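**Q** Sharing a structure here in structure tokens format.
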Amino acid sequence: MKIENLIRDNIKRLKPYTCARDSYSEGVLLDANENTLGSTFEYYNLELNRYPDPLQINMRRKLSALINIPIENLVFGVGSDELIDLIIRIFCNPGIDNTVIVQPTYGMYHVCCDINNVEVREAFLSDQFEIEVDSIMNKVGENTKIVFLCSPNNPTGNTLSSKSILELCEKTNAIIVVDEAYIDFDEENSVISEILNQRNLIVLRTFSKAWGLAAIRCGYCAADKEVINTIIKVKAPYTINKLTEKAVVESINNFRTKEKFVDEIITQREFVFKKLNELEKVQKVFKSDSNFILFKCKNASEVHRTLAERGVVIRDRSSQEKLENCLRVSIGTEIENRIMLSELEKVL
């Protein structure tokens with residue numbers, strides 16, 4: 001397939017902003033109107049008075065070595081949300097093109113489409129929250145540019161079928177975006193390596209979950225080189241600052257700690273799963289491959305409100321399609337999980 005056939009014409013014609021650091025990053029740098037005397041805030045000798053690398057070469061090199069994806073197939077963004085917005089802006093002509101969002105899922109896909117005046121067509125997972133390829137393809141039309149999937153899916157928690165994802169890539173010329181924000185908890189079922197084989201596959205990931213870096217707002221995208229180059233062309237040049245770069249690089253160097261976090265979260269997830277199933281008034285607990293669990297009970301919204309009044313805050317997902325009376329609870333520390341379970345049992 002030809003990626004350029006999907007890109008908006010004005011994006012193809014776009015001459016990207018050329019910033020000072022695109023050309024030179026070393027030497028006597030007097031080209032960017034920076035304060036060359038220094039910074040009022042000193043941190044790790046990062047020279048915060050200088051603009052950061054707009055191409056995030058060091059970050060991409062470190063990440064490439066960790067996940068075994070070539071550097072030219074990677075780009076960073078301000079969380080996955082910036083990348084979601086950029087992908088929509090690159091491929092979808094406002095008021096003309098459309099996307100397919102496979103529900104129930106993460107709400108920002110729809111919000112970003114609405115902001116960009118791009119029509120959303122909704123397809124649905126099965127009652128077991130699995131991909132139904134034919135159902136999705138029935139929503140794909142001539143002007144469908146993107147299909148959004150989340151795997152493991154938020155808020156259902158399950159990893160979607162890799163086989164079905166790749167089947168969608170083969171059956172449609174639309175871009176297939178797979179948001180793997182929670183894949184650290186089920187890495188063996190990632191489709192990220194397939195971006196080297198499927199030109200229309202984009203995989204999103206984040207440092208907000210397993211890495212414990214939600215506050216720095218950093219995510220990344222793995223995709224075909226032409227897609228990556230177009231994202232770099234469109235995105236603002238300095239969205240990843242030096243403090244974020246420092247945090248990400250040091251975290252990648254310390255990736256064993258992330259692995260320990262994942263192991264502990266999975267252990268606690270299985271504990272919470274078992275205990276929720278033992279509660280008589282919990283009607284169903286859904287299997288999870290992520291760091292949260294979806295469960296069903298009567299009067300979920302009332303349970304959610306009462307728990308919050310008692311100091312335990314979880315998410316009410318009962319307004320979403322196929323999730324009537326469903327609540328989502330994140331996996332915390334052992335102490336937090338025991339408090340949550342105790343208060344939930346009282347409320348129920």
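Ligands are numbered from 1 in the order shown, chains are lettered A, B, ... in the order of the structure tokens, and residues start at 1 in each chain.
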Could you pull out the residues in segment 12-221 of chain A that DSSP calls strand (DSSP E) from the backbone, as a ChimeraX atom specification?

**A** /A:74-77,98-103,119-124,144-150,175-179,201-206,219-221

**Q** Pull C-alpha atoms from the residues just selected and write them as a compact mmCIF listing (two decimals), in the first residue's frame.

**A**
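And here is the file that came out, again06.txt:
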```txt
# COMPACT_ATOMS: atom_id res chain seq x y z
CA LEU A 74 9.97 5.66 16.43
CA VAL A 75 8.82 9.10 17.53
CA PHE A 76 7.93 10.58 20.94
CA GLY A 77 4.95 12.73 21.89
CA ASN A 98 -14.11 9.46 9.00
CA THR A 99 -12.65 7.11 11.58
CA VAL A 100 -13.93 3.85 13.07
CA ILE A 101 -13.62 3.56 16.84
CA VAL A 102 -14.14 0.09 18.28
CA GLN A 103 -16.18 0.45 21.48
CA GLU A 119 -16.84 11.91 11.71
CA VAL A 120 -16.75 8.89 14.04
CA ARG A 121 -18.31 5.58 13.09
CA GLU A 122 -18.69 3.21 16.01
CA ALA A 123 -18.11 -0.53 15.77
CA PHE A 124 -18.32 -2.78 18.81
CA THR A 144 -12.44 5.87 6.35
CA LYS A 145 -8.85 6.80 7.14
CA ILE A 146 -8.29 5.36 10.63
CA VAL A 147 -9.50 2.46 12.77
CA PHE A 148 -8.78 2.87 16.50
CA LEU A 149 -8.17 -0.18 18.71
CA CYS A 150 -6.84 -0.42 22.27
CA ILE A 175 -4.54 3.20 9.10
CA ILE A 176 -4.95 0.73 11.97
CA VAL A 177 -3.98 2.42 15.24
CA VAL A 178 -3.36 0.00 18.13
CA ASP A 179 -2.98 1.74 21.48
CA LEU A 201 -0.17 -0.29 11.32
CA ILE A 202 0.61 2.31 13.99
CA VAL A 203 1.33 1.23 17.58
CA LEU A 204 1.09 3.72 20.46
CA ARG A 205 2.68 3.26 23.86
CA THR A 206 3.18 5.35 26.98
CA GLY A 219 4.38 8.50 24.98
CA TYR A 220 5.75 7.12 21.75
CA CYS A 221 4.68 5.82 18.39
```

**Q** Run DSSP on the backbone and give me the residues of segment 12-140 of chain A it puts in helix (DSSP H, G or I), as a PyMOL selection string.

**A** chain A and resi 12-13+20-23+57-67+71-73+79-91+108-115+133-137

**Q** Determine, counting only C-alpha atoms, which protein, DNA and RNA residues have an atom within 7 Å of an atom of segment 209-217 of chain A; residues of the same chain fewer than 2 positions away are not included. Present the result as a count of residues only.

**A** 11

**Q** Residues at most 12 Å from Glu280 of chain A, counting only C-alpha atoms, excluding those fewer than 3 positions away in the same chain, as a compact mmCIF listing (two decimals) with N, CA and C atoms, in the first residue's frame?

**A**
```
# COMPACT_ATOMS: atom_id res chain seq x y z
N LYS A 275 -10.38 -12.02 45.15
CA LYS A 275 -11.21 -11.50 46.22
C LYS A 275 -12.53 -10.91 45.70
N LEU A 276 -12.49 -10.27 44.55
CA LEU A 276 -13.72 -9.74 43.97
C LEU A 276 -14.69 -10.87 43.63
N ASN A 277 -14.14 -11.96 43.13
CA ASN A 277 -14.98 -13.12 42.81
C ASN A 277 -15.60 -13.74 44.04
N GLN A 283 -21.38 -9.38 40.58
CA GLN A 283 -22.02 -10.29 39.62
C GLN A 283 -21.05 -10.90 38.63
N LYS A 284 -20.03 -10.16 38.25
CA LYS A 284 -19.05 -10.69 37.30
C LYS A 284 -17.74 -9.92 37.43
N VAL A 285 -16.64 -10.65 37.33
CA VAL A 285 -15.32 -10.03 37.31
C VAL A 285 -14.67 -10.43 35.98
N LYS A 296 -18.72 -6.11 37.63
CA LYS A 296 -20.13 -5.74 37.51
C LYS A 296 -20.86 -5.99 38.80
N CYS A 297 -21.72 -5.05 39.18
CA CYS A 297 -22.55 -5.22 40.37
C CYS A 297 -23.83 -4.42 40.19
N LYS A 298 -24.81 -4.66 41.01
CA LYS A 298 -26.06 -3.90 40.94
C LYS A 298 -25.81 -2.47 41.39
N LEU A 344 -15.56 -1.90 49.75
CA LEU A 344 -16.52 -2.36 48.74
C LEU A 344 -17.46 -3.39 49.34
N GLU A 345 -16.94 -4.30 50.12
CA GLU A 345 -17.79 -5.33 50.74
C GLU A 345 -18.83 -4.67 51.65
N LYS A 346 -18.43 -3.64 52.39
CA LYS A 346 -19.38 -2.96 53.27
C LYS A 346 -20.47 -2.25 52.47
N LEU A 348 -21.48 -2.89 49.36
CA LEU A 348 -22.34 -3.84 48.69
C LEU A 348 -23.34 -4.45 49.65
```

**Q** With 10 Å as the cut-off and only C-alpha atoms counted, what is the closest atom pair between each nearby residue of segment 130-247 of chain A and segment 56-61 of chain A? Distances in Å to one decimal, ordered by chain and number, as a tab-separated table.

**A**
```
residue	atom	partner	partner_atom	distance
A:Tyr220	CA	A:Arg60	CA	9.2
A:Pro237	CA	A:Gln56	CA	9.9
A:Tyr238	CA	A:Gln56	CA	9.3
A:Thr239	CA	A:Gln56	CA	10.0
A:Ile240	CA	A:Gln56	CA	7.6
A:Asn241	CA	A:Gln56	CA	9.3
A:Lys242	CA	A:Gln56	CA	9.5
A:Thr244	CA	A:Met59	CA	9.9
A:Glu245	CA	A:Met59	CA	6.6
A:Lys246	CA	A:Met59	CA	8.8
```

**Q** Using N, CA, C and O atoms, can you write the selected residues to a file as a compact mmCIF listing (two decimals), in the first residue's frame?

**A**
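Final output, saved to out_5.txt:
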```
# COMPACT_ATOMS: atom_id res chain seq x y z
N TYR A 220 5.04 7.26 23.01
CA TYR A 220 5.75 7.12 21.75
C TYR A 220 4.94 6.32 20.76
O TYR A 220 3.97 5.65 21.10
N PRO A 237 8.14 21.49 17.26
CA PRO A 237 9.52 20.98 17.37
C PRO A 237 10.00 20.67 18.77
O PRO A 237 10.84 19.80 18.95
N TYR A 238 9.51 21.36 19.79
CA TYR A 238 10.11 21.22 21.12
C TYR A 238 9.14 20.68 22.16
O TYR A 238 9.18 21.06 23.32
N THR A 239 8.25 19.79 21.80
CA THR A 239 7.26 19.32 22.75
C THR A 239 7.86 18.41 23.82
O THR A 239 7.28 18.27 24.90
N ILE A 240 8.98 17.75 23.54
CA ILE A 240 9.64 16.92 24.56
C ILE A 240 10.78 17.71 25.15
O ILE A 240 11.80 17.96 24.51
N ASN A 241 10.62 18.13 26.42
CA ASN A 241 11.63 18.99 27.04
C ASN A 241 12.77 18.18 27.64
O ASN A 241 12.72 16.95 27.72
N LYS A 242 13.82 18.87 28.06
CA LYS A 242 15.01 18.18 28.57
C LYS A 242 14.76 17.45 29.88
O LYS A 242 15.39 16.42 30.14
N THR A 244 11.94 15.97 30.70
CA THR A 244 11.28 14.73 30.28
C THR A 244 12.29 13.77 29.68
O THR A 244 12.28 12.57 29.98
N GLU A 245 13.17 14.27 28.83
CA GLU A 245 14.19 13.41 28.22
C GLU A 245 15.05 12.75 29.29
O GLU A 245 15.33 11.55 29.22
N LYS A 246 15.47 13.53 30.28
CA LYS A 246 16.29 12.98 31.36
C LYS A 246 15.54 11.86 32.09
O LYS A 246 16.11 10.79 32.36
```
